[in-house]
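Undergrad: Sharing upload16.pdb, PDB, C-alpha atoms and all ligand atoms:
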```
MODEL        1
ATOM      1  CA  LEU X 121     -10.478 123.976  22.884  1.00  0.00           C
ATOM      2  CA  LYS X 122     -12.838 121.764  24.858  1.00  0.00           C
ATOM      3  CA  ASP X 123     -11.484 123.326  28.035  1.00  0.00           C
ATOM      4  CA  GLU X 124     -12.119 126.771  26.602  1.00  0.00           C
ATOM      5  CA  VAL X 125     -15.722 125.882  25.788  1.00  0.00           C
ATOM      6  CA  ASN X 126     -16.248 124.405  29.235  1.00  0.00           C
ATOM      7  CA  LYS X 127     -14.863 127.533  30.779  1.00  0.00           C
ATOM      8  CA  MET X 128     -17.157 129.745  28.692  1.00  0.00           C
ATOM      9  CA  GLU X 129     -20.185 127.672  29.653  1.00  0.00           C
ATOM     10  CA  ARG X 130     -19.231 127.768  33.282  1.00  0.00           C
ATOM     11  CA  LEU X 131     -18.747 131.523  33.186  1.00  0.00           C
ATOM     12  CA  SER X 132     -22.037 132.222  31.458  1.00  0.00           C
ATOM     13  CA  LEU X 133     -23.940 130.075  33.933  1.00  0.00           C
ATOM     14  CA  VAL X 134     -22.208 131.798  36.801  1.00  0.00           C
ATOM     15  CA  GLY X 135     -22.993 135.110  35.098  1.00  0.00           C
ATOM     16  CA  GLN X 136     -26.709 134.461  35.033  1.00  0.00           C
ATOM     17  CA  MET X 137     -26.745 133.412  38.652  1.00  0.00           C
ATOM     18  CA  ALA X 138     -24.703 136.396  39.653  1.00  0.00           C
ATOM     19  CA  ALA X 139     -26.941 138.882  37.899  1.00  0.00           C
ATOM     20  CA  SER X 140     -30.005 137.543  39.675  1.00  0.00           C
ATOM     21  CA  ILE X 141     -28.574 137.679  43.179  1.00  0.00           C
ATOM     22  CA  THR X 142     -26.684 140.984  42.961  1.00  0.00           C
ATOM     23  CA  HIS X 143     -29.302 143.334  44.255  1.00  0.00           C
ATOM     24  CA  GLU X 144     -30.896 140.794  46.544  1.00  0.00           C
ATOM     25  CA  ILE X 145     -27.685 140.584  48.542  1.00  0.00           C
ATOM     26  CA  ARG X 146     -26.143 144.005  48.148  1.00  0.00           C
ATOM     27  CA  ASN X 147     -29.140 146.036  49.202  1.00  0.00           C
ATOM     28  CA  PRO X 148     -29.820 144.396  52.553  1.00  0.00           C
ATOM     29  CA  MET X 149     -26.119 144.477  53.255  1.00  0.00           C
ATOM     30  CA  ALA X 150     -25.988 148.203  52.640  1.00  0.00           C
ATOM     31  CA  VAL X 151     -28.887 148.671  55.066  1.00  0.00           C
ATOM     32  CA  ILE X 152     -27.187 146.515  57.705  1.00  0.00           C
ATOM     33  CA  ARG X 153     -23.939 148.440  57.287  1.00  0.00           C
ATOM     34  CA  GLY X 154     -25.732 151.753  57.734  1.00  0.00           C
ATOM     35  CA  PHE X 155     -27.387 150.727  60.981  1.00  0.00           C
ATOM     36  CA  VAL X 156     -24.277 149.072  62.383  1.00  0.00           C
ATOM     37  CA  GLN X 157     -22.386 152.262  61.660  1.00  0.00           C
ATOM     38  CA  LEU X 158     -25.049 154.193  63.544  1.00  0.00           C
ATOM     39  CA  LEU X 159     -24.903 151.839  66.538  1.00  0.00           C
ATOM     40  CA  ASN X 160     -21.132 152.031  66.440  1.00  0.00           C
ATOM     41  CA  GLU X 161     -21.228 155.786  66.893  1.00  0.00           C
ATOM     42  CA  ARG X 162     -23.316 155.392  70.053  1.00  0.00           C
ATOM     43  CA  SER X 163     -21.536 152.435  71.580  1.00  0.00           C
ATOM     44  CA  THR X 164     -19.238 151.948  74.524  1.00  0.00           C
ATOM     45  CA  SER X 165     -15.614 151.242  73.823  1.00  0.00           C
ATOM     46  CA  GLU X 166     -15.999 147.525  74.522  1.00  0.00           C
ATOM     47  CA  GLN X 167     -18.864 147.304  72.065  1.00  0.00           C
ATOM     48  CA  ASN X 168     -16.849 149.405  69.670  1.00  0.00           C
ATOM     49  CA  SER X 169     -14.384 146.631  69.033  1.00  0.00           C
ATOM     50  CA  TYR X 170     -17.218 144.259  68.179  1.00  0.00           C
ATOM     51  CA  PHE X 171     -18.785 146.730  65.788  1.00  0.00           C
ATOM     52  CA  HIS X 172     -15.423 147.234  64.207  1.00  0.00           C
ATOM     53  CA  ILE X 173     -15.224 143.524  63.442  1.00  0.00           C
ATOM     54  CA  ILE X 174     -18.794 143.443  62.151  1.00  0.00           C
ATOM     55  CA  LEU X 175     -18.064 146.324  59.767  1.00  0.00           C
ATOM     56  CA  GLN X 176     -14.828 144.760  58.626  1.00  0.00           C
ATOM     57  CA  GLU X 177     -16.466 141.434  57.918  1.00  0.00           C
ATOM     58  CA  LEU X 178     -19.361 143.111  56.112  1.00  0.00           C
ATOM     59  CA  ASP X 179     -16.859 144.898  53.894  1.00  0.00           C
ATOM     60  CA  ARG X 180     -15.064 141.651  53.259  1.00  0.00           C
ATOM     61  CA  ALA X 181     -18.299 139.951  52.267  1.00  0.00           C
ATOM     62  CA  ASN X 182     -19.070 142.875  49.997  1.00  0.00           C
ATOM     63  CA  GLY X 183     -15.636 142.548  48.409  1.00  0.00           C
ATOM     64  CA  ILE X 184     -16.281 138.892  47.684  1.00  0.00           C
ATOM     65  CA  ILE X 185     -19.587 139.720  46.024  1.00  0.00           C
ATOM     66  CA  ASN X 186     -17.927 142.416  43.923  1.00  0.00           C
ATOM     67  CA  ASP X 187     -15.132 140.078  42.795  1.00  0.00           C
ATOM     68  CA  PHE X 188     -17.597 137.361  42.013  1.00  0.00           C
ATOM     69  CA  LEU X 189     -19.688 139.756  39.952  1.00  0.00           C
ATOM     70  CA  SER X 190     -16.816 141.193  37.951  1.00  0.00           C
ATOM     71  CA  LEU X 191     -15.660 137.683  37.213  1.00  0.00           C
ATOM     72  CA  ALA X 192     -19.070 136.386  36.335  1.00  0.00           C
ATOM     73  CA  GLN X 193     -20.191 139.253  34.149  1.00  0.00           C
ATOM     74  CA  ASN X 194     -17.080 139.007  31.961  1.00  0.00           C
ATOM     75  CA  ARG X 195     -18.497 141.990  30.155  1.00  0.00           C
ATOM     76  CA  ILE X 196     -17.028 144.198  27.492  1.00  0.00           C
ATOM     77  CA  VAL X 197     -15.480 147.050  29.393  1.00  0.00           C
ATOM     78  CA  GLU X 198     -14.668 150.524  28.243  1.00  0.00           C
ATOM     79  CA  LYS X 199     -10.984 151.225  27.797  1.00  0.00           C
ATOM     80  CA  ASN X 200      -9.244 154.555  27.544  1.00  0.00           C
ATOM     81  CA  VAL X 201      -5.739 155.613  26.665  1.00  0.00           C
ATOM     82  CA  SER X 202      -4.139 155.675  30.104  1.00  0.00           C
ATOM     83  CA  ASP X 203      -0.853 155.989  31.867  1.00  0.00           C
ATOM     84  CA  LEU X 204       0.022 152.837  33.774  1.00  0.00           C
ATOM     85  CA  HIS X 205       2.595 154.675  35.868  1.00  0.00           C
ATOM     86  CA  SER X 206       0.173 157.229  37.271  1.00  0.00           C
ATOM     87  CA  LEU X 207      -2.285 154.400  37.939  1.00  0.00           C
ATOM     88  CA  LEU X 208       0.399 152.678  40.034  1.00  0.00           C
ATOM     89  CA  GLU X 209       1.310 155.894  41.806  1.00  0.00           C
ATOM     90  CA  ASP X 210      -2.361 156.447  42.650  1.00  0.00           C
ATOM     91  CA  LEU X 211      -2.500 152.996  44.230  1.00  0.00           C
ATOM     92  CA  LEU X 212       0.714 153.358  46.182  1.00  0.00           C
ATOM     93  CA  PRO X 213      -0.683 154.997  49.356  1.00  0.00           C
ATOM     94  CA  LEU X 214      -3.309 152.271  49.655  1.00  0.00           C
ATOM     95  CA  LEU X 215      -0.731 149.517  49.186  1.00  0.00           C
ATOM     96  CA  GLN X 216       1.662 151.175  51.575  1.00  0.00           C
ATOM     97  CA  ALA X 217      -0.988 151.392  54.290  1.00  0.00           C
ATOM     98  CA  ASP X 218      -1.720 147.717  53.799  1.00  0.00           C
ATOM     99  CA  ALA X 219       1.972 146.809  53.924  1.00  0.00           C
ATOM    100  CA  ASN X 220       2.628 148.992  56.991  1.00  0.00           C
ATOM    101  CA  MET X 221      -0.003 147.130  58.979  1.00  0.00           C
ATOM    102  CA  ARG X 222       1.867 143.921  58.230  1.00  0.00           C
ATOM    103  CA  GLY X 223       5.303 145.408  58.865  1.00  0.00           C
ATOM    104  CA  GLN X 224       6.202 144.918  55.218  1.00  0.00           C
ATOM    105  CA  GLN X 225       7.767 147.126  52.575  1.00  0.00           C
ATOM    106  CA  ILE X 226       6.636 148.147  49.107  1.00  0.00           C
ATOM    107  CA  GLU X 227       9.116 149.022  46.377  1.00  0.00           C
ATOM    108  CA  LEU X 228       7.900 150.683  43.225  1.00  0.00           C
ATOM    109  CA  SER X 229      10.343 150.634  40.352  1.00  0.00           C
ATOM    110  CA  LEU X 230       9.089 152.302  37.189  1.00  0.00           C
ATOM    111  CA  CYS X 231      10.873 152.142  33.865  1.00  0.00           C
ATOM    112  CA  GLU X 232      12.128 155.288  32.142  1.00  0.00           C
ATOM    113  CA  GLN X 233       9.317 155.773  29.725  1.00  0.00           C
ATOM    114  CA  LEU X 234       6.111 153.986  28.903  1.00  0.00           C
ATOM    115  CA  ASP X 235       3.904 154.070  25.835  1.00  0.00           C
ATOM    116  CA  PRO X 236       0.285 154.919  26.651  1.00  0.00           C
ATOM    117  CA  LEU X 237      -1.947 151.867  26.939  1.00  0.00           C
ATOM    118  CA  GLU X 238      -5.610 151.184  26.318  1.00  0.00           C
ATOM    119  CA  LEU X 239      -6.769 150.354  29.813  1.00  0.00           C
ATOM    120  CA  ASN X 240      -9.834 150.066  31.910  1.00  0.00           C
ATOM    121  CA  VAL X 241      -8.285 151.835  34.863  1.00  0.00           C
ATOM    122  CA  LYS X 242     -10.689 150.423  37.427  1.00  0.00           C
ATOM    123  CA  GLU X 243      -9.980 146.866  36.319  1.00  0.00           C
ATOM    124  CA  ILE X 244      -6.213 147.278  36.183  1.00  0.00           C
ATOM    125  CA  LYS X 245      -6.225 148.815  39.665  1.00  0.00           C
ATOM    126  CA  GLN X 246      -8.189 145.808  40.852  1.00  0.00           C
ATOM    127  CA  LEU X 247      -5.657 143.508  39.212  1.00  0.00           C
ATOM    128  CA  VAL X 248      -2.679 145.204  40.860  1.00  0.00           C
ATOM    129  CA  LEU X 249      -4.460 145.173  44.226  1.00  0.00           C
ATOM    130  CA  ASN X 250      -5.237 141.468  43.927  1.00  0.00           C
ATOM    131  CA  LEU X 251      -1.653 140.589  43.022  1.00  0.00           C
ATOM    132  CA  ALA X 252      -0.208 142.841  45.714  1.00  0.00           C
ATOM    133  CA  ARG X 253      -2.516 141.439  48.412  1.00  0.00           C
ATOM    134  CA  ASN X 254      -1.616 137.891  47.453  1.00  0.00           C
ATOM    135  CA  GLY X 255       2.044 138.809  47.622  1.00  0.00           C
ATOM    136  CA  MET X 256       1.655 140.356  51.069  1.00  0.00           C
ATOM    137  CA  GLU X 257      -0.323 137.384  52.309  1.00  0.00           C
ATOM    138  CA  ALA X 258       2.493 135.083  51.196  1.00  0.00           C
ATOM    139  CA  MET X 259       5.134 136.988  53.183  1.00  0.00           C
ATOM    140  CA  ASP X 260       6.006 137.434  56.848  1.00  0.00           C
ATOM    141  CA  ASP X 261       6.824 140.770  58.460  1.00  0.00           C
ATOM    142  CA  LYS X 262      10.200 140.932  56.760  1.00  0.00           C
ATOM    143  CA  GLY X 263       8.533 140.838  53.393  1.00  0.00           C
ATOM    144  CA  VAL X 264       9.301 143.182  50.540  1.00  0.00           C
ATOM    145  CA  LEU X 265       6.828 143.518  47.708  1.00  0.00           C
ATOM    146  CA  ARG X 266       8.287 144.847  44.497  1.00  0.00           C
ATOM    147  CA  ILE X 267       6.223 146.327  41.698  1.00  0.00           C
ATOM    148  CA  GLU X 268       8.100 146.974  38.458  1.00  0.00           C
ATOM    149  CA  THR X 269       7.357 148.058  34.938  1.00  0.00           C
ATOM    150  CA  HIS X 270       9.421 147.194  31.878  1.00  0.00           C
ATOM    151  CA  ASN X 271       9.061 148.683  28.440  1.00  0.00           C
ATOM    152  CA  LEU X 272      10.135 145.998  25.961  1.00  0.00           C
ATOM    153  CA  PRO X 273      10.153 146.319  22.166  1.00  0.00           C
ATOM    154  CA  ASP X 274       6.963 144.307  21.617  1.00  0.00           C
ATOM    155  CA  ARG X 275       5.263 144.510  25.004  1.00  0.00           C
ATOM    156  CA  ILE X 276       4.967 146.226  28.347  1.00  0.00           C
ATOM    157  CA  GLU X 277       5.419 144.151  31.460  1.00  0.00           C
ATOM    158  CA  LEU X 278       4.151 144.758  34.958  1.00  0.00           C
ATOM    159  CA  ARG X 279       5.817 142.514  37.508  1.00  0.00           C
ATOM    160  CA  VAL X 280       4.709 141.955  41.073  1.00  0.00           C
ATOM    161  CA  THR X 281       7.311 140.099  43.110  1.00  0.00           C
ATOM    162  CA  ASP X 282       7.221 138.913  46.693  1.00  0.00           C
ATOM    163  CA  ASN X 283       9.857 137.137  48.760  1.00  0.00           C
ATOM    164  CA  GLY X 284       7.269 134.931  50.416  1.00  0.00           C
ATOM    165  CA  VAL X 285       6.600 131.217  50.719  1.00  0.00           C
ATOM    166  CA  GLY X 286       6.486 130.453  47.007  1.00  0.00           C
ATOM    167  CA  ILE X 287       4.158 128.083  45.155  1.00  0.00           C
ATOM    168  CA  PRO X 288       4.791 124.365  44.651  1.00  0.00           C
ATOM    169  CA  PRO X 289       5.027 123.440  40.936  1.00  0.00           C
ATOM    170  CA  GLU X 290       2.038 121.077  41.066  1.00  0.00           C
ATOM    171  CA  LYS X 291      -0.200 123.918  42.243  1.00  0.00           C
ATOM    172  CA  LEU X 292       0.843 126.443  39.611  1.00  0.00           C
ATOM    173  CA  GLU X 293      -1.633 125.343  36.974  1.00  0.00           C
ATOM    174  CA  ARG X 294      -4.631 125.596  39.282  1.00  0.00           C
ATOM    175  CA  LEU X 295      -3.975 129.141  40.511  1.00  0.00           C
ATOM    176  CA  PHE X 296      -6.210 130.887  37.995  1.00  0.00           C
ATOM    177  CA  GLU X 297      -9.209 128.580  38.475  1.00  0.00           C
ATOM    178  CA  PRO X 298     -12.211 130.288  40.044  1.00  0.00           C
ATOM    179  CA  PHE X 299     -12.587 129.234  43.715  1.00  0.00           C
ATOM    180  CA  TYR X 300      -9.135 127.675  43.930  1.00  0.00           C
ATOM    181  CA  THR X 301      -7.687 128.766  47.257  1.00  0.00           C
ATOM    182  CA  THR X 302      -5.282 127.426  49.870  1.00  0.00           C
ATOM    183  CA  LYS X 303      -6.295 130.028  52.475  1.00  0.00           C
ATOM    184  CA  THR X 304      -8.847 129.457  55.233  1.00  0.00           C
ATOM    185  CA  ASN X 305     -10.351 132.862  54.521  1.00  0.00           C
ATOM    186  CA  GLY X 306      -9.698 132.891  50.793  1.00  0.00           C
ATOM    187  CA  THR X 307     -12.266 133.105  48.016  1.00  0.00           C
ATOM    188  CA  GLY X 308     -10.095 131.866  45.190  1.00  0.00           C
ATOM    189  CA  LEU X 309     -11.482 134.631  42.995  1.00  0.00           C
ATOM    190  CA  GLY X 310      -8.561 137.076  42.946  1.00  0.00           C
ATOM    191  CA  LEU X 311      -6.426 135.436  40.279  1.00  0.00           C
ATOM    192  CA  ALA X 312      -9.399 134.208  38.252  1.00  0.00           C
ATOM    193  CA  LEU X 313     -10.442 137.833  38.052  1.00  0.00           C
ATOM    194  CA  CYS X 314      -6.917 138.912  37.081  1.00  0.00           C
ATOM    195  CA  LEU X 315      -6.930 136.394  34.248  1.00  0.00           C
ATOM    196  CA  SER X 316     -10.286 137.527  32.920  1.00  0.00           C
ATOM    197  CA  ILE X 317      -9.196 141.177  33.156  1.00  0.00           C
ATOM    198  CA  MET X 318      -6.104 140.430  31.064  1.00  0.00           C
ATOM    199  CA  GLU X 319      -8.189 138.542  28.523  1.00  0.00           C
ATOM    200  CA  ARG X 320     -10.062 141.822  28.048  1.00  0.00           C
ATOM    201  CA  HIS X 321      -6.817 143.790  27.723  1.00  0.00           C
ATOM    202  CA  ASN X 322      -5.048 142.003  24.874  1.00  0.00           C
ATOM    203  CA  GLY X 323      -2.625 140.693  27.405  1.00  0.00           C
ATOM    204  CA  LYS X 324      -1.401 137.776  29.400  1.00  0.00           C
ATOM    205  CA  ILE X 325      -0.599 136.876  32.941  1.00  0.00           C
ATOM    206  CA  HIS X 326       1.759 134.216  34.136  1.00  0.00           C
ATOM    207  CA  VAL X 327       3.687 133.247  37.201  1.00  0.00           C
ATOM    208  CA  VAL X 328       7.211 132.229  38.117  1.00  0.00           C
ATOM    209  CA  SER X 329       7.798 130.903  41.605  1.00  0.00           C
ATOM    210  CA  LYS X 330      10.344 129.179  43.762  1.00  0.00           C
ATOM    211  CA  ILE X 331       9.506 127.521  47.086  1.00  0.00           C
ATOM    212  CA  GLY X 332      10.977 129.412  50.001  1.00  0.00           C
ATOM    213  CA  GLU X 333      12.205 132.260  47.790  1.00  0.00           C
ATOM    214  CA  GLY X 334       9.156 133.945  46.403  1.00  0.00           C
ATOM    215  CA  THR X 335       6.862 134.511  43.496  1.00  0.00           C
ATOM    216  CA  THR X 336       6.621 136.859  40.533  1.00  0.00           C
ATOM    217  CA  PHE X 337       3.413 137.494  38.645  1.00  0.00           C
ATOM    218  CA  ILE X 338       4.147 138.868  35.184  1.00  0.00           C
ATOM    219  CA  VAL X 339       1.396 140.828  33.515  1.00  0.00           C
ATOM    220  CA  THR X 340       2.006 141.487  29.823  1.00  0.00           C
ATOM    221  CA  PHE X 341       0.357 144.175  27.706  1.00  0.00           C
ATOM    222  CA  CYS X 342       0.996 143.337  24.081  1.00  0.00           C
ATOM    223  CA  LYS X 343       1.994 145.977  21.571  1.00  0.00           C
ATOM    224  CA  PRO X 344       0.576 145.559  18.037  1.00  0.00           C
ATOM    225  CA  ASP X 345       3.419 143.350  16.759  1.00  0.00           C
ATOM    226  CA  CYS X 346       3.852 141.368  19.959  1.00  0.00           C
ATOM    227  CA  GLN X 347       5.677 138.030  19.749  1.00  0.00           C
ATOM    228  CA  CYS X 348       4.611 136.782  23.166  1.00  0.00           C
ATOM    229  CA  TRP X 349       1.670 134.652  21.975  1.00  0.00           C
TER     230      TRP X 349
HETATM  231  P1  LIG V   1      -7.231 133.747  47.428  1.00  0.00           P
HETATM  232  O1  LIG V   1      -6.201 134.825  47.630  1.00  0.00           O
HETATM  233  O2  LIG V   1      -8.583 134.163  47.882  1.00  0.00           O
HETATM  234  O3  LIG V   1      -6.811 132.418  47.976  1.00  0.00           O
HETATM  235  P2  LIG V   1      -6.448 133.965  44.662  1.00  0.00           P
HETATM  236  O4  LIG V   1      -7.151 133.616  43.394  1.00  0.00           O
HETATM  237  O5  LIG V   1      -6.027 135.384  44.818  1.00  0.00           O
HETATM  238  O6  LIG V   1      -7.408 133.526  45.845  1.00  0.00           O
HETATM  239  O7  LIG V   1      -5.172 133.033  44.827  1.00  0.00           O
HETATM  240  C1  LIG V   1      -5.335 131.630  44.705  1.00  0.00           C
HETATM  241  C2  LIG V   1      -4.223 130.888  45.413  1.00  0.00           C
HETATM  242  O8  LIG V   1      -2.996 131.087  44.735  1.00  0.00           O
HETATM  243  C3  LIG V   1      -3.952 131.317  46.830  1.00  0.00           C
HETATM  244  O9  LIG V   1      -4.828 130.696  47.751  1.00  0.00           O
HETATM  245  C4  LIG V   1      -2.512 130.879  47.030  1.00  0.00           C
HETATM  246  O10 LIG V   1      -2.435 129.503  47.350  1.00  0.00           O
HETATM  247  C5  LIG V   1      -1.918 131.048  45.655  1.00  0.00           C
HETATM  248  N1  LIG V   1      -1.146 132.303  45.515  1.00  0.00           N
HETATM  249  C6  LIG V   1      -1.521 133.397  44.842  1.00  0.00           C
HETATM  250  N2  LIG V   1      -0.583 134.348  44.880  1.00  0.00           N
HETATM  251  C7  LIG V   1       0.433 133.844  45.604  1.00  0.00           C
HETATM  252  C8  LIG V   1       1.719 134.348  46.012  1.00  0.00           C
HETATM  253  N3  LIG V   1       2.137 135.577  45.664  1.00  0.00           N
HETATM  254  N4  LIG V   1       2.519 133.523  46.743  1.00  0.00           N
HETATM  255  C9  LIG V   1       2.110 132.281  47.086  1.00  0.00           C
HETATM  256  N5  LIG V   1       0.915 131.757  46.731  1.00  0.00           N
HETATM  257  C10 LIG V   1       0.074 132.518  46.005  1.00  0.00           C
HETATM  258 MG    MG V   2      -6.149 136.640  46.583  1.00  0.00          MG
ENDMDL
END
```
Would it be possible to restate this file's structure as structure tokens?
TA:
Amino acid sequence: LKDEVNKMERLSLVGQMAASITHEIRNPMAVIRGFVQLLNERSTSEQNSYFHIILQELDRANGIINDFLSLAQNRIVEKNVSDLHSLLEDLLPLLQADANMRGQQIELSLCEQLDPLELNVKEIKQLVLNLARNGMEAMDDKGVLRIETHNLPDRIELRVTDNGVGIPPEKLERLFEPFYTTKTNGTGLGLALCLSIMERHNGKIHVVSKIGEGTTFIVTFCKPDCQCW
């Protein structure tokens, strides 16, 4: 319980900070992006490659700010009766493009039939993206990322499995902490955001991993009489 309280306090402090810096950072960045884009259109091909990097890095910085905000605001989000399968199919082209660039494969394996779920589609897309990106980043160019759904009597499971490096047992419990990262370019916000999204979706998220074999993130959506708690 004490941990829970600490976490709440930490999140609300972060929330206040986040709210106050949102516009201050986003607006100038949007202006910079606009002008860089303009310069890019008029540049030589050598300069082009520099502008490309500038734009990419700006977008990355923007992504970090967005993740940080969604995590920090921890707000009550609107949920609608939605179809998880069409959500996943919508995401597939984006994931496939990402995987292609890395020489990796995506496998989507959907169960026969799924009950409709109360979802915030934007948040669940974000969650799948975060898990898929982590999976891809953990694999080499022979990697296969598998996304599955399972309709169980008391719950629906979404599983994201990679055959990447795996996670050492002593690191497992820290994964969902905000700012915990083992990557030089990481933010450590992806999984923290996934956890807070599932807290808003009457669900759970946990991980099973084996060093050298791979990792599965299991996202559970509880049905009314769910036994998984
Ligand atoms: P980031 O990706 O920015 O590092 P995340 O919160 O998404 O932050 O992930 C936190 C850490 O968890 C990663 O730095 C990595 O060490 C570990 N991790 C997450 N997903 C995987 C995975 N599929 N395989 C191996 N390690 C993972
Ligand atoms: Mg990540």
Undergrad: Please provide as JSON, numbers by chain all residues within 12 Å of Asn305 in chain X, with the sequence filter that same-chain residues fewer than 4 positions apart are discarded (counting all atoms listed in the file).
TA: {"X": [177, 180, 181, 184, 257, 299, 300, 301, 309]}
Undergrad: Could you jot down the CA of Val241 in chain X to CA of His326 in chain X separation for me, Å, one decimal place?
TA: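 CA of His326 in chain X lies 20.3 Å from CA of Val241 in chain X.
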Undergrad: Can you tell me which residues surround Lys343 in chain X at a distance of at most 6 Å, considering only C-alpha atoms, apart from same-chain residues fewer than 2 positions away, and format the answer as a list in words?
TA: Asp274, Arg275, Asp345 and Cys346 of chain X
Undergrad: Kindly provide, as lines of an AutoDock Vina configuration file, the centre and edge lengths (Å, one decimal) of an axis-aligned box around all atoms of range 258-262 of chain X given in the file, with 8 Å on each side.
TA:
```
center_x = 6.3
center_y = 138.0
center_z = 54.8
size_x = 23.7
size_y = 21.8
size_z = 23.3
```
Undergrad: Got a sec to check which residues lie within 10 Å of ligand MG 2 (chain V), using all atoms listed in the file, and send them as a list of chain:residue names?
TA: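 Listed by chain and ascending number, the contacts are X:Leu249, X:Asn250, X:Leu251, X:Ala252, X:Arg253, X:Asn254, X:Gly255, X:Met256, X:Glu257, X:Ala258, X:Leu295, X:Tyr300, X:Thr301, X:Thr302, X:Lys303, X:Asn305, X:Gly306, X:Thr307, X:Gly308, X:Leu309, X:Gly310, X:Leu311, X:Ala312, X:Leu313, X:Cys314.
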Undergrad: CA of Leu175 in chain X and CA of Gly154 in chain X, how far apart in Å?
TA: 9.6 Å
Undergrad: As JSON, numbers by chain, please: the residues near Thr269 in chain X (cut-off 6 Å, all atoms listed in the file, same-chain neighbours under 3 positions excluded).
TA: {"X": [230, 231, 277, 278]}
Undergrad: Which residue gives the smallest distance to Glu238 in chain X among X:Val264, X:Ile152, X:Leu211, X:Ile276, with all atoms listed in the file counted?
TA: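 When distances to Glu238 in chain X are compared using all atoms listed in the file, the smallest one comes from X:Ile276.
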Undergrad: Could you tell me which residues the PyMOL selection byres (((chain X and resi 279) around 12) and not hetatm) returns for this structure, as a count of residues only?
TA: 36
Undergrad: My list of candidates is X:Gln136, X:Asn283, X:Asn322, X:Thr142. Which is closest to ligand LIG 1 (chain V) when distances are computed with only C-alpha atoms and all ligand atoms?
TA: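 Closest to ligand LIG 1 (chain V), using only C-alpha atoms and all ligand atoms: X:Asn283.
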Undergrad: Distance CA of Leu212 in chain X-atom N4 of ligand LIG 1 (chain V), one decimal place?
TA: 19.9 Å
Undergrad: Give me the residues near Glu333 in chain X as a list in words, where near means some atom within 9 Å (using all atoms listed in the file) and where sequence neighbours in that chain fewer than 3 positions away do not count.
TA: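 Skipping anything fewer than 3 positions along the chain leaves Asp282, Asn283, Gly284, Val285, Gly286, Ser329 and Lys330 of chain X.
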Undergrad: For a cut-off of 12 Å around (-21.6, 144.2, 46.5), file coordinates, pick out all residues using all atoms listed in the file and list them as a list in words.
TA: Ala138, Ala139, Ile141, Thr142, His143, Glu144, Ile145, Arg146, Asn147, Pro148, Met149, Ala150, Arg153, Leu178, Asp179, Arg180, Ala181, Asn182, Gly183, Ile184, Ile185, Asn186, Asp187, Phe188, Leu189 and Ser190 of chain X
Undergrad: Restricting the calculation to only C-alpha atoms, which member of X:Asp203, X:Pro236, X:Met259, X:Glu198 is positioned closest to Arg222 in chain X?
TA: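 Ranking X:Asp203, X:Pro236, X:Met259, X:Glu198 by distance to Arg222 in chain X, first place goes to X:Met259.
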